[in-house]
Each structure stands twice: as structure tokens, then as C-alpha cells.
file query_11.txt (compact mmCIF, C-alpha atoms)
# COMPACT_ATOMS: atom_id res chain seq x y z
CA MET G 1 5.17 4.75 -36.14
CA ASN G 2 8.52 4.01 -34.62
CA ALA G 3 8.43 3.01 -30.98
CA SER G 4 11.07 2.13 -28.44
CA SER G 5 10.31 -1.20 -26.77
CA GLN G 6 11.93 -1.47 -23.39
CA ILE G 7 11.95 -3.64 -20.27
CA PHE G 8 12.03 -2.04 -16.82
CA ARG G 9 13.07 -4.20 -13.89
CA LEU G 10 11.54 -2.96 -10.66
CA PRO G 11 14.37 -2.18 -8.20
CA HIS G 12 12.25 -3.12 -5.17
CA PRO G 13 9.78 -5.92 -4.42
CA LEU G 14 6.28 -5.07 -5.63
CA PRO G 15 3.81 -5.33 -2.73
CA LEU G 16 0.55 -7.04 -3.61
CA ASP G 17 -2.93 -6.73 -2.10
CA GLY G 18 -2.92 -10.48 -1.44
CA GLY G 19 -0.12 -10.02 1.09
CA GLN G 20 2.78 -11.28 -1.01
CA ALA G 21 5.45 -9.34 -2.91
CA LEU G 22 6.90 -9.91 -6.35
CA GLU G 23 10.70 -9.90 -6.39
CA GLY G 24 12.54 -8.75 -9.50
CA ALA G 25 9.37 -8.04 -11.46
CA THR G 26 9.69 -6.63 -14.97
CA ILE G 27 7.40 -4.30 -16.90
CA ALA G 28 7.49 -4.15 -20.70
CA TYR G 29 6.59 -0.79 -22.19
CA GLU G 30 6.71 1.32 -25.30
CA THR G 31 6.97 5.08 -25.69
CA TYR G 32 5.96 7.45 -28.48
CA GLY G 33 6.96 11.10 -28.88
CA GLU G 34 9.66 13.07 -27.11
CA LEU G 35 9.70 13.66 -23.37
CA ALA G 36 9.98 17.37 -22.56
CA ALA G 37 12.92 18.60 -20.51
CA ASP G 38 10.62 19.26 -17.55
CA LYS G 39 8.89 15.87 -18.08
CA ALA G 40 5.51 17.60 -17.91
CA ASN G 41 4.14 16.27 -21.22
CA ALA G 42 3.90 12.56 -20.35
CA ILE G 43 0.65 10.68 -20.92
CA LEU G 44 0.18 7.14 -19.60
CA VAL G 45 -2.25 5.02 -21.63
CA CYS G 46 -3.53 1.92 -19.85
CA HIS G 47 -4.62 -1.11 -21.85
CA ALA G 48 -7.67 -3.34 -21.53
CA LEU G 49 -7.89 -7.05 -20.60
CA THR G 50 -6.40 -8.48 -23.79
CA GLY G 51 -4.32 -5.44 -24.71
CA ASP G 52 -0.61 -4.83 -24.40
CA GLN G 53 2.06 -2.18 -24.78
CA TYR G 54 1.74 -2.13 -28.59
CA LEU G 55 -0.44 0.92 -28.52
CA ALA G 56 0.48 2.45 -31.87
CA SER G 57 3.05 0.09 -33.35
CA PRO G 58 2.67 -3.29 -35.08
CA HIS G 59 2.12 -6.30 -32.84
CA PRO G 60 5.18 -8.57 -32.99
CA VAL G 61 3.11 -11.77 -33.06
CA THR G 62 0.16 -10.89 -35.28
CA GLY G 63 1.68 -8.07 -37.34
CA LYS G 64 -1.55 -6.12 -36.88
CA PRO G 65 -1.51 -2.35 -36.22
CA GLY G 66 -1.33 -1.14 -32.63
CA TRP G 67 -4.61 -1.45 -30.75
CA TRP G 68 -5.17 2.34 -30.58
CA GLU G 69 -3.23 3.46 -33.62
CA ARG G 70 -6.21 5.49 -34.78
CA MET G 71 -6.02 7.57 -31.58
CA VAL G 72 -2.26 7.91 -30.94
CA GLY G 73 0.27 9.48 -33.30
CA PRO G 74 1.42 12.73 -34.91
CA GLY G 75 -1.55 15.07 -35.29
CA LYS G 76 -3.97 12.50 -33.83
CA PRO G 77 -6.15 13.11 -30.74
CA ILE G 78 -3.32 11.92 -28.49
CA ASP G 79 -0.73 13.88 -30.41
CA THR G 80 2.79 12.49 -30.20
CA ASP G 81 4.13 15.76 -31.64
CA ARG G 82 3.05 17.32 -28.34
CA TYR G 83 3.06 14.48 -25.84
CA HIS G 84 5.34 11.70 -24.67
CA VAL G 85 3.03 8.68 -24.57
CA ILE G 86 3.80 5.62 -22.44
CA CYS G 87 1.97 2.30 -22.63
CA ALA G 88 3.02 -0.62 -20.44
CA ASN G 89 2.00 -4.27 -20.31
CA VAL G 90 0.34 -4.93 -16.93
CA ILE G 91 1.75 -7.24 -14.30
CA GLY G 92 0.14 -10.66 -14.77
CA SER G 93 0.05 -10.42 -18.54
CA CYS G 94 2.15 -12.22 -21.12
CA MET G 95 3.83 -9.68 -23.39
CA GLY G 96 7.04 -9.09 -21.45
CA SER G 97 5.81 -8.05 -18.01
CA THR G 98 6.05 -10.56 -15.17
CA GLY G 99 3.15 -13.00 -15.21
CA PRO G 100 2.35 -16.69 -14.81
CA ALA G 101 4.41 -17.63 -17.91
CA SER G 102 7.50 -15.90 -16.48
CA ALA G 103 10.27 -17.71 -14.64
CA ALA G 104 9.80 -17.97 -10.89
CA PRO G 105 12.83 -17.82 -8.54
CA ASP G 106 13.37 -21.57 -9.07
CA GLY G 107 13.74 -21.00 -12.82
CA LYS G 108 10.53 -22.77 -13.75
CA PRO G 109 7.43 -20.91 -15.00
CA TRP G 110 5.29 -19.51 -12.23
CA ALA G 111 2.14 -21.06 -13.72
CA MET G 112 -0.53 -21.18 -10.99
CA ARG G 113 2.03 -20.47 -8.28
CA PHE G 114 1.90 -16.86 -9.45
CA PRO G 115 0.19 -14.76 -6.78
CA VAL G 116 -3.34 -13.56 -7.46
CA ILE G 117 -3.17 -9.88 -8.35
CA THR G 118 -5.53 -6.90 -8.36
CA VAL G 119 -5.96 -3.86 -10.56
CA ARG G 120 -4.36 -1.84 -7.78
CA ASP G 121 -1.32 -4.14 -7.96
CA MET G 122 -1.11 -3.43 -11.70
CA VAL G 123 -1.22 0.29 -10.94
CA ARG G 124 1.52 -0.06 -8.33
CA GLY G 125 3.65 -1.58 -11.07
CA LEU G 126 2.87 1.33 -13.40
CA VAL G 127 3.74 3.85 -10.69
CA ALA G 128 7.03 2.04 -10.09
CA LEU G 129 7.72 2.39 -13.83
CA LEU G 130 6.95 6.12 -13.68
CA ASP G 131 9.32 6.42 -10.72
CA GLY G 132 12.00 4.66 -12.75
CA LEU G 133 11.43 7.08 -15.62
CA GLY G 134 11.64 10.06 -13.27
CA ILE G 135 8.08 11.19 -14.06
CA GLU G 136 6.50 12.57 -10.90
CA ARG G 137 3.26 13.92 -12.38
CA LEU G 138 1.61 12.88 -15.62
CA HIS G 139 -0.07 15.34 -17.93
CA ALA G 140 -2.78 12.69 -18.12
CA VAL G 141 -3.62 9.05 -17.55
CA VAL G 142 -5.99 7.57 -20.13
CA GLY G 143 -7.69 4.20 -20.51
CA GLY G 144 -10.76 2.33 -21.67
CA SER G 145 -12.42 -0.74 -20.12
CA MET G 146 -9.85 -2.36 -17.77
CA GLY G 147 -7.59 0.52 -18.76
CA GLY G 148 -10.23 2.85 -17.36
CA MET G 149 -10.22 0.86 -14.13
CA GLN G 150 -6.49 1.48 -13.89
CA THR G 151 -6.94 5.22 -14.44
CA LEU G 152 -9.53 5.40 -11.66
CA SER G 153 -7.39 3.26 -9.36
CA LEU G 154 -4.38 5.47 -9.96
CA ALA G 155 -6.50 8.54 -9.21
CA ALA G 156 -7.85 6.99 -6.00
CA ASN G 157 -4.56 5.59 -4.69
CA PHE G 158 -2.00 8.04 -6.12
CA PRO G 159 -3.93 11.31 -6.45
CA GLU G 160 -0.81 13.42 -6.95
CA ARG G 161 0.49 11.49 -9.96
CA ALA G 162 -1.75 12.80 -12.76
CA ALA G 163 -3.17 16.22 -13.66
CA ARG G 164 -5.93 14.73 -15.85
CA VAL G 165 -7.80 11.44 -15.65
CA LEU G 166 -9.69 10.21 -18.73
CA ALA G 167 -11.71 7.03 -18.10
CA ILE G 168 -13.64 5.57 -21.03
CA ALA G 169 -16.28 2.80 -21.08
CA THR G 170 -15.44 1.62 -17.59
CA THR G 171 -16.71 1.08 -14.04
CA ALA G 172 -15.71 1.53 -10.40
CA ARG G 173 -16.47 -2.11 -9.58
CA HIS G 174 -17.35 -5.31 -11.35
CA SER G 175 -20.99 -6.36 -11.25
CA ALA G 176 -22.33 -9.88 -10.72
CA GLN G 177 -22.99 -10.09 -14.48
CA ASN G 178 -19.41 -9.07 -15.28
CA ILE G 179 -18.07 -11.71 -12.89
CA ALA G 180 -20.41 -14.33 -14.33
CA PHE G 181 -19.16 -13.87 -17.89
CA HIS G 182 -15.55 -14.06 -16.71
CA GLU G 183 -16.25 -17.24 -14.78
CA VAL G 184 -17.62 -18.90 -17.92
CA GLY G 185 -14.32 -18.09 -19.64
CA ARG G 186 -12.19 -19.34 -16.76
CA GLN G 187 -14.11 -22.58 -16.53
CA ALA G 188 -13.70 -23.11 -20.29
CA ILE G 189 -9.92 -22.81 -19.89
CA MET G 190 -9.71 -25.03 -16.83
CA ALA G 191 -11.95 -27.68 -18.45
CA ASP G 192 -9.53 -28.01 -21.37
CA PRO G 193 -7.53 -31.26 -20.83
CA ASN G 194 -4.40 -29.42 -21.96
CA TRP G 195 -4.63 -26.95 -19.07
CA ARG G 196 -3.35 -29.54 -16.59
CA GLY G 197 -3.64 -27.31 -13.56
CA GLY G 198 -1.79 -24.55 -15.38
CA ASP G 199 1.40 -26.58 -15.93
CA TYR G 200 1.34 -26.68 -19.72
CA TYR G 201 4.43 -24.61 -20.52
CA GLY G 202 7.17 -26.08 -22.66
CA ASP G 203 5.40 -29.14 -24.04
CA GLY G 204 3.66 -27.61 -27.05
CA SER G 205 0.10 -28.38 -25.97
CA ALA G 206 -1.47 -25.29 -24.39
CA PRO G 207 -5.21 -25.15 -23.59
CA ASP G 208 -5.98 -23.31 -26.82
CA ALA G 209 -9.46 -24.74 -27.22
CA GLY G 210 -10.54 -23.51 -23.80
CA LEU G 211 -8.92 -20.13 -24.28
CA ALA G 212 -10.63 -19.74 -27.66
CA VAL G 213 -14.04 -20.43 -26.10
CA ALA G 214 -13.28 -17.92 -23.32
CA ARG G 215 -12.45 -15.32 -25.94
CA MET G 216 -15.62 -16.09 -27.90
CA ALA G 217 -17.82 -15.66 -24.83
CA ALA G 218 -16.11 -12.42 -23.83
CA HIS G 219 -16.18 -11.01 -27.34
CA ILE G 220 -19.98 -11.22 -27.42
CA THR G 221 -20.06 -8.84 -24.43
CA TYR G 222 -17.94 -6.29 -26.31
CA LEU G 223 -20.52 -5.94 -29.11
CA SER G 224 -24.09 -4.67 -29.33
CA GLU G 225 -27.16 -6.49 -30.59
CA ALA G 226 -27.79 -3.77 -33.16
CA GLY G 227 -24.19 -3.97 -34.35
CA LEU G 228 -24.29 -7.75 -34.61
CA THR G 229 -27.58 -7.67 -36.49
CA GLU G 230 -26.31 -5.06 -38.92
CA LYS G 231 -23.01 -6.84 -39.53
CA PHE G 232 -24.16 -10.47 -39.57
CA GLY G 233 -27.90 -10.84 -39.08
CA ARG G 234 -28.84 -14.48 -39.73
CA ARG G 235 -26.79 -14.65 -42.90
CA LEU G 236 -25.19 -17.98 -43.74
CA GLN G 237 -21.43 -18.40 -44.11
CA ASP G 238 -20.21 -19.58 -47.54
CA ARG G 239 -23.30 -21.68 -48.24
CA ASP G 240 -26.78 -21.38 -49.67
CA ALA G 241 -28.58 -23.60 -47.19
CA LYS G 242 -28.26 -24.84 -43.62
CA SER G 243 -25.99 -27.87 -43.27
CA PHE G 244 -28.16 -29.62 -40.64
CA GLY G 245 -24.90 -30.20 -38.78
CA PHE G 246 -22.60 -28.32 -36.44
CA ASP G 247 -20.28 -26.53 -38.82
CA ALA G 248 -20.33 -22.75 -38.72
CA ASP G 249 -23.56 -22.29 -40.68
CA PHE G 250 -24.00 -18.65 -39.68
CA GLN G 251 -21.58 -15.79 -40.32
CA ILE G 252 -21.61 -14.88 -36.63
CA GLU G 253 -20.47 -18.40 -35.73
CA SER G 254 -17.60 -18.21 -38.18
CA TYR G 255 -16.64 -14.75 -36.90
CA LEU G 256 -16.52 -15.89 -33.27
CA ARG G 257 -14.45 -18.96 -34.14
CA TYR G 258 -12.01 -16.72 -36.01
CA GLN G 259 -11.77 -14.39 -33.01
CA GLY G 260 -11.13 -17.32 -30.67
CA SER G 261 -8.49 -19.08 -32.74
CA GLY G 262 -6.62 -15.86 -33.53
CA PHE G 263 -6.51 -14.90 -29.86
CA THR G 264 -4.66 -18.07 -28.84
CA ARG G 265 -1.71 -17.04 -31.00
CA ARG G 266 -0.94 -14.01 -28.88
CA PHE G 267 -2.25 -14.62 -25.36
CA ASP G 268 -1.49 -16.95 -22.48
CA ALA G 269 -4.37 -18.88 -20.92
CA ASN G 270 -3.09 -18.52 -17.36
CA SER G 271 -2.73 -14.77 -17.85
CA TYR G 272 -6.37 -14.71 -18.91
CA LEU G 273 -7.31 -16.40 -15.61
CA TYR G 274 -5.28 -13.96 -13.53
CA ILE G 275 -6.33 -10.76 -15.27
CA THR G 276 -10.04 -11.60 -15.30
CA ARG G 277 -9.79 -12.42 -11.58
CA ALA G 278 -8.15 -9.04 -10.96
CA MET G 279 -11.00 -7.31 -12.77
CA ASP G 280 -13.58 -9.26 -10.78
CA TYR G 281 -11.95 -8.21 -7.51
CA PHE G 282 -12.04 -4.57 -8.61
CA ASP G 283 -14.08 -2.35 -6.28
CA ILE G 284 -12.57 1.06 -5.58
CA ALA G 285 -15.01 1.88 -2.77
CA GLU G 286 -14.22 -1.31 -0.87
CA ALA G 287 -11.02 0.08 0.65
CA HIS G 288 -12.80 3.30 1.63
CA GLY G 289 -15.60 2.04 3.85
CA GLY G 290 -17.78 1.27 0.86
CA THR G 291 -18.11 4.97 -0.05
CA LEU G 292 -16.81 5.74 -3.52
CA ALA G 293 -16.61 9.49 -2.90
CA GLU G 294 -14.11 8.85 -0.11
CA ALA G 295 -11.79 7.18 -2.64
CA PHE G 296 -11.51 10.47 -4.50
CA ALA G 297 -11.16 12.76 -1.48
CA GLY G 298 -7.61 13.64 -2.58
CA HIS G 299 -9.04 15.53 -5.55
CA ALA G 300 -11.32 17.92 -3.65
CA MET G 301 -11.34 21.63 -4.44
CA GLY G 302 -8.87 21.40 -7.31
CA LYS G 303 -6.10 19.80 -5.22
CA GLY G 304 -5.75 16.79 -7.50
CA ALA G 305 -6.78 15.97 -11.05
CA ARG G 306 -9.46 17.01 -13.50
CA PHE G 307 -11.61 14.09 -14.62
CA CYS G 308 -13.44 13.21 -17.80
CA LEU G 309 -15.64 10.12 -18.10
CA VAL G 310 -17.02 8.81 -21.38
CA SER G 311 -19.63 6.11 -21.94
CA PHE G 312 -21.41 4.71 -24.99
CA ASP G 313 -25.14 4.25 -25.37
CA THR G 314 -24.84 0.69 -26.75
CA ASP G 315 -22.34 -0.57 -24.16
CA TRP G 316 -24.16 -3.12 -22.01
CA LEU G 317 -20.97 -4.51 -20.43
CA TYR G 318 -20.17 -1.22 -18.63
CA PRO G 319 -23.33 0.81 -19.29
CA THR G 320 -23.66 4.55 -18.86
CA ALA G 321 -25.08 4.10 -15.36
CA GLU G 322 -21.66 2.83 -14.23
CA SER G 323 -19.93 6.00 -15.43
CA ARG G 324 -22.62 8.17 -13.86
CA HIS G 325 -22.01 6.40 -10.55
CA VAL G 326 -18.36 7.48 -10.70
CA VAL G 327 -19.30 11.02 -11.76
CA HIS G 328 -21.69 11.38 -8.82
CA ALA G 329 -18.95 10.20 -6.45
CA LEU G 330 -16.48 12.71 -7.91
CA ASN G 331 -19.10 15.45 -7.53
CA ALA G 332 -19.63 14.44 -3.92
CA ALA G 333 -15.87 14.56 -3.35
CA GLY G 334 -15.69 18.06 -4.84
CA ALA G 335 -13.49 16.97 -7.75
CA PRO G 336 -13.77 18.71 -11.14
CA VAL G 337 -15.36 16.29 -13.60
CA SER G 338 -16.96 16.33 -17.03
CA PHE G 339 -19.04 13.51 -18.47
CA VAL G 340 -20.42 12.59 -21.87
CA GLU G 341 -22.41 9.67 -23.22
CA LEU G 342 -21.64 9.14 -26.90
CA SER G 343 -23.84 7.42 -29.44
CA ALA G 344 -22.16 4.60 -31.36
CA PRO G 345 -23.39 1.27 -32.74
CA PHE G 346 -20.40 -0.82 -31.69
CA GLY G 347 -21.19 -1.60 -28.04
CA HIS G 348 -18.35 -1.73 -25.52
CA ASP G 349 -15.72 -1.88 -28.28
CA SER G 350 -16.76 1.62 -29.41
CA PHE G 351 -13.73 3.12 -27.65
CA LEU G 352 -11.45 1.18 -30.01
CA LEU G 353 -13.34 1.88 -33.22
CA ASP G 354 -14.11 4.82 -35.51
CA VAL G 355 -16.17 7.19 -33.37
CA PRO G 356 -15.20 10.75 -34.39
CA ALA G 357 -17.03 12.24 -31.41
CA LEU G 358 -14.67 10.34 -29.09
CA ASP G 359 -11.68 11.75 -30.95
CA ARG G 360 -12.97 15.27 -30.29
CA VAL G 361 -13.59 14.58 -26.60
CA VAL G 362 -10.12 13.07 -26.09
CA LYS G 363 -8.32 15.88 -27.90
CA GLY G 364 -10.34 18.59 -26.19
CA PHE G 365 -9.75 17.18 -22.71
CA LEU G 366 -6.02 16.55 -23.15
CA ASP G 367 -5.25 19.85 -24.88
CA GLY G 368 -7.56 22.01 -22.80
call {"tool": "encode", "arguments": {"input": "query_11.txt", "output": "C-alpha cells"}}
result
Amino acid sequence: MNASSQIFRLPHPLPLDGGQALEGATIAYETYGELAADKANAILVCHALTGDQYLASPHPVTGKPGWWERMVGPGKPIDTDRYHVICANVIGSCMGSTGPASAAPDGKPWAMRFPVITVRDMVRGLVALLDGLGIERLHAVVGGSMGGMQTLSLAANFPERAARVLAIATTARHSAQNIAFHEVGRQAIMADPNWRGGDYYGDGSAPDAGLAVARMAAHITYLSEAGLTEKFGRRLQDRDAKSFGFDADFQIESYLRYQGSGFTRRFDANSYLYITRAMDYFDIAEAHGGTLAEAFAGHAMGKGARFCLVSFDTDWLYPTAESRHVVHALNAAGAPVSFVELSAPFGHDSFLLDVPALDRVVKGFLDG
């Protein structure tokens, strides 16, 4: 698919939950499909932790297809013959939007001077982009995992901005287990001698080893035990017997090492620190007296958006109970919501993979 890659410079400082403001922030985004004259056919797709704006077009670093190419395109569930689809790189990331690798006002990379951000800060950046594009109300906002967090945050904080909210494989707040896995990854990065307090830009020695380990640990949480057993089991990698050493004897070891090393080609270690911290801080109810239903009060009695939540039965990172918690809150707020748990063997990553039932849910909700 052809896509138009663009950079939007925010005309005003971006206020942050931490009390600071980002001056001159930029947001990198891509669009697919034509925007209608009344601008009523726009769909915002929000990406996950390690995603980017290359939703349905080849990644410029890896050359791989867009991360949701199977879902977005002409005649696909998110049909670009009908909809104008926008996907933007979040603030704090490293694919063109302002983040720790970007130049600070003194011309040097922000590095760890970059302010700590939240998911709500990311959403403020996305809303500023929509303002710049002249889109007052989206046909829908869609996202899985951290992208789903953004959809829920947009619904809670900007209830008038979307007519439909589709949140997939996500949660309303990070659990202790979620935070624990992220902390393992952050500590792996910061323990790498090449991290040097985050000041590794420009000298050709980034903390790739630490970032690779962080990716390996996280990737395990995206899979299911059944899926891992079916795909790898205890099969050996390119050998007939155990080496009685510490090479990658097992196929799963080799797979994880491949995932880790490939990730360092396209992602910045400091961005990984900042984005995982934003996810760990995520708790929609916190700003509403601890009551999640209050966060969605702007959607009562059909005043706001229609919601659809999707979970997967093998997702143990954001299990079905997390989606049900959101659904119950939406019911309590009087917001229209549908919910489905889908069966798939792929664990949390099911929203990215070939699950035809998800295609039907997405198309039905967006077109209905």
C-alpha cells in the first residue's frame, strides 16, 4: 500500500501529567485512504509498546510489512476504500515523534533529561494531531495492548472525539505482574555498560545487549504456553544432541535471541524505558477517585461513544478479566458496550496474528 509519511509539529507546548510541557514537539504519522469532505470517515489506530506509524506500509528500517497490514487496506476489515486511517508514532518513541533520542532545546539529545510521560500525555499528542488535521470527531479509535490503553484514555479524557471505541487485548490499569515484567526489562537495559546513564547517542555503542534481553523477557509474555509448546516444544536447534554448554540448544532459545537482536535494529533503549514506565503508570480510575465508571461518565445514555472490547482466552498478560472489568465500568456508567472473548492459541499477540473471528468483529463494529 502507498502511504503518506508526514511530520506534524505541535503549534503549542504539550502539557504533561508530570507538570512539565514539551515545546516544539513533533508527531510522525501515516495515513491510508481518502478523507471525506465532511471528515467523518477518519479512524485513528493506536500502536502498542514497540509499534510505530507503519501500520500497513513497509518498515523503513527492517523492510518488513506494516504491523497490521493484514487488518488495514482496501477491502480489509479496516477498509481504506471506505475510511481514512491515521496511525501516529507516540510521544516518547523513536520513529519520528519527539522522544529521548530527539534534540532538546540545547541541540543535544534529550536522553534521560526527557520528561517522564504517561499514556494520557501520548493521547494529548494524538488529539493535538487531530486538531491540526481539522478532525473534530473520529468515526472510530482502535487499538490493541498499549494501543487499547490509548483508546480507553481518549474515551475517558476526550469523550467527544470518537463515535466508536474499539479496545483489544488491553486493560484499564497495569497490574503488579505487568509492572514486574517491565522492571526486569528496564534493569536489563540500565545494567548494560553501554547505557551510561542514557548518554549513549552518537558514539556507536548503544546498550543493545540490555535492550535485546528486555525484548526477550517481554516477548515471552506476548505468547501462550500452548502456542510455545506447539511451535517449539523441547526441540533442539540445528543439532542432534545437547551441547552441554550455553549455546542456543533449544529452538525457543534461538527464537528469543533472534527476536532480541532484531529488535535493537529498530528501537531505542531509552524509548523502551520511557514507554514501559508510561504503561506502568497507567490507571484510568486513579484520576476519578478510584472509580473506573466515573472515568466514562461522559458516555452515559448515548451521549458519547459506542464501545467494543475484545479479549483472547490464551492472553495471560491482559487476561479476559481485565476487559470484563472495563465492560462492567462502562455498564455502570450507562455507556453502550459490546464484549467478546475470542479463542486463539497465540496468547497476547493474537490481535496481531491470523484470527478470522477478530476480523469479523472489527469489520462488524466499524461498519455497523
call {"tool": "residues_around", "arguments": {"input": "query_11.txt", "residues": "Thr26 (chain G)", "least_positions_apart": "2", "cutoff": "12 Å", "atoms": "only C-alpha atoms", "output": "ChimeraX atom specification"}}
result
/G:6-14,22-24,28-29,88-99,102-103,122,125-126,128-129,132
call {"tool": "closest_residue", "arguments": {"input": "query_11.txt", "among": "G:Lys64, G:Arg70, G:Arg161, G:Arg120", "to": "Ala42 (chain G)", "atoms": "only C-alpha atoms"}}
result
G:Arg161
call {"tool": "atom_distance", "arguments": {"input": "query_11.txt", "atom1": "CA of Glu136 (chain G)", "atom2": "CA of Ala48 (chain G)"}}
result
23.8 Å
call {"tool": "atom_distance", "arguments": {"input": "query_11.txt", "atom1": "CA of Glu34 (chain G)", "atom2": "CA of Leu152 (chain G)"}}
result
25.8 Å
call {"tool": "residues_around", "arguments": {"input": "query_11.txt", "residues": "Phe263 (chain G)", "least_positions_apart": "3", "cutoff": "9 Å", "atoms": "all atoms listed in the file", "output": "list of chain:residue names"}}
result
G:Thr50, G:Asp208, G:Leu211, G:Ala212, G:Arg215, G:Tyr258, G:Gln259, G:Gly260, G:Arg266, G:Phe267
call {"tool": "axis_aligned_box", "arguments": {"input": "query_11.txt", "around": "region 8-18 of chain G", "padding_each_side": "6 Å", "output": "AutoDock Vina command-line options"}}
result
--center_x 5.7 --center_y -6.3 --center_z -9.1 --size_x 29.3 --size_y 20.4 --size_z 27.4
call {"tool": "closest_residue", "arguments": {"input": "query_11.txt", "among": "G:Val184, G:Phe346, G:Val326, G:Ser261", "to": "Asp283 (chain G)", "atoms": "all atoms listed in the file"}}
result
G:Val326
call {"tool": "closest_atom_pairs", "arguments": {"input": "query_11.txt", "of": "region 235-319 of chain G", "to": "region 340-344 of chain G", "cutoff": "10 Å", "atoms": "all atoms listed in the file", "output": "JSON lines"}}
result
{"residue": "G:Cys308", "atom": "CA", "partner": "G:Val340", "partner_atom": "CA", "distance": 8.1}
{"residue": "G:Leu309", "atom": "CA", "partner": "G:Val340", "partner_atom": "CA", "distance": 6.6}
{"residue": "G:Val310", "atom": "CA", "partner": "G:Val340", "partner_atom": "CA", "distance": 5.1}
{"residue": "G:Ser311", "atom": "CA", "partner": "G:Glu341", "partner_atom": "CA", "distance": 4.7}
{"residue": "G:Phe312", "atom": "CA", "partner": "G:Leu342", "partner_atom": "CA", "distance": 4.8}
{"residue": "G:Asp313", "atom": "CA", "partner": "G:Ser343", "partner_atom": "CA", "distance": 5.3}
{"residue": "G:Thr314", "atom": "CA", "partner": "G:Ala344", "partner_atom": "CA", "distance": 6.6}
{"residue": "G:Asp315", "atom": "CA", "partner": "G:Ala344", "partner_atom": "CA", "distance": 8.9}
{"residue": "G:Pro319", "atom": "CA", "partner": "G:Glu341", "partner_atom": "CA", "distance": 9.7}
call {"tool": "write_last_selection", "arguments": {"input": "query_11.txt", "atoms": "C-alpha atoms", "output": "PDB file, keeping the file's coordinate frame"}}
result
ATOM      1  CA  CYS G 308     -13.440  13.210 -17.800  1.00  0.00           C
ATOM      2  CA  LEU G 309     -15.640  10.120 -18.100  1.00  0.00           C
ATOM      3  CA  VAL G 310     -17.020   8.810 -21.380  1.00  0.00           C
ATOM      4  CA  SER G 311     -19.630   6.110 -21.940  1.00  0.00           C
ATOM      5  CA  PHE G 312     -21.410   4.710 -24.990  1.00  0.00           C
ATOM      6  CA  ASP G 313     -25.140   4.250 -25.370  1.00  0.00           C
ATOM      7  CA  THR G 314     -24.840   0.690 -26.750  1.00  0.00           C
ATOM      8  CA  ASP G 315     -22.340  -0.570 -24.160  1.00  0.00           C
ATOM      9  CA  PRO G 319     -23.330   0.810 -19.290  1.00  0.00           C
TER      10      PRO G 319
END
call {"tool": "residues_around", "arguments": {"input": "query_11.txt", "residues": "Asp121 (chain G)", "least_positions_apart": "3", "cutoff": "6 Å", "atoms": "only C-alpha atoms", "output": "list in words"}}
result
Leu16, Thr118 and Arg124 of chain G
call {"tool": "atom_distance", "arguments": {"input": "query_11.txt", "atom1": "CA of Gly298 (chain G)", "atom2": "CA of Pro159 (chain G)"}}
result
5.8 Å
call {"tool": "residues_around", "arguments": {"input": "query_11.txt", "residues": "Met190 (chain G)", "least_positions_apart": "2", "cutoff": "12 Å", "atoms": "only C-alpha atoms", "output": "number ranges by chain"}}
result
G: 112, 183-188, 192-200, 206-211, 213-214, 269-270, 272-273
call {"tool": "residues_around", "arguments": {"input": "query_11.txt", "residues": "Ile284 (chain G)", "least_positions_apart": "6", "cutoff": "7 Å", "atoms": "all atoms listed in the file", "output": "list in words"}}
result
Ser153, Ala172, Arg173, Leu292 and Ala295 of chain G
call {"tool": "decode", "arguments": {"input": "query_11.txt", "residues": "region 59-76 of chain G", "atoms": "C-alpha atoms", "output": "PDB file, in the first residue's frame"}}
result
ATOM      1  CA  HIS G  59       9.003  -0.510   7.796  1.00  0.00           C
ATOM      2  CA  PRO G  60      11.853   1.735   6.608  1.00  0.00           C
ATOM      3  CA  VAL G  61      14.451   0.023   8.812  1.00  0.00           C
ATOM      4  CA  THR G  62      13.514  -3.645   8.629  1.00  0.00           C
ATOM      5  CA  GLY G  63      11.665  -3.709   5.300  1.00  0.00           C
ATOM      6  CA  LYS G  64       9.005  -5.895   6.924  1.00  0.00           C
ATOM      7  CA  PRO G  65       5.291  -5.373   6.172  1.00  0.00           C
ATOM      8  CA  GLY G  66       3.321  -2.959   8.334  1.00  0.00           C
ATOM      9  CA  TRP G  67       2.465  -4.336  11.761  1.00  0.00           C
ATOM     10  CA  TRP G  68      -1.293  -4.586  10.993  1.00  0.00           C
ATOM     11  CA  GLU G  69      -1.208  -4.968   7.244  1.00  0.00           C
ATOM     12  CA  ARG G  70      -3.497  -7.979   7.489  1.00  0.00           C
ATOM     13  CA  MET G  71      -6.185  -5.773   9.082  1.00  0.00           C
ATOM     14  CA  VAL G  72      -5.848  -2.441   7.223  1.00  0.00           C
ATOM     15  CA  GLY G  73      -6.220  -1.925   3.476  1.00  0.00           C
ATOM     16  CA  PRO G  74      -8.667  -1.984   0.564  1.00  0.00           C
ATOM     17  CA  GLY G  75     -11.429  -4.487   1.280  1.00  0.00           C
ATOM     18  CA  LYS G  76      -9.868  -5.497   4.618  1.00  0.00           C
TER      19      LYS G  76
END
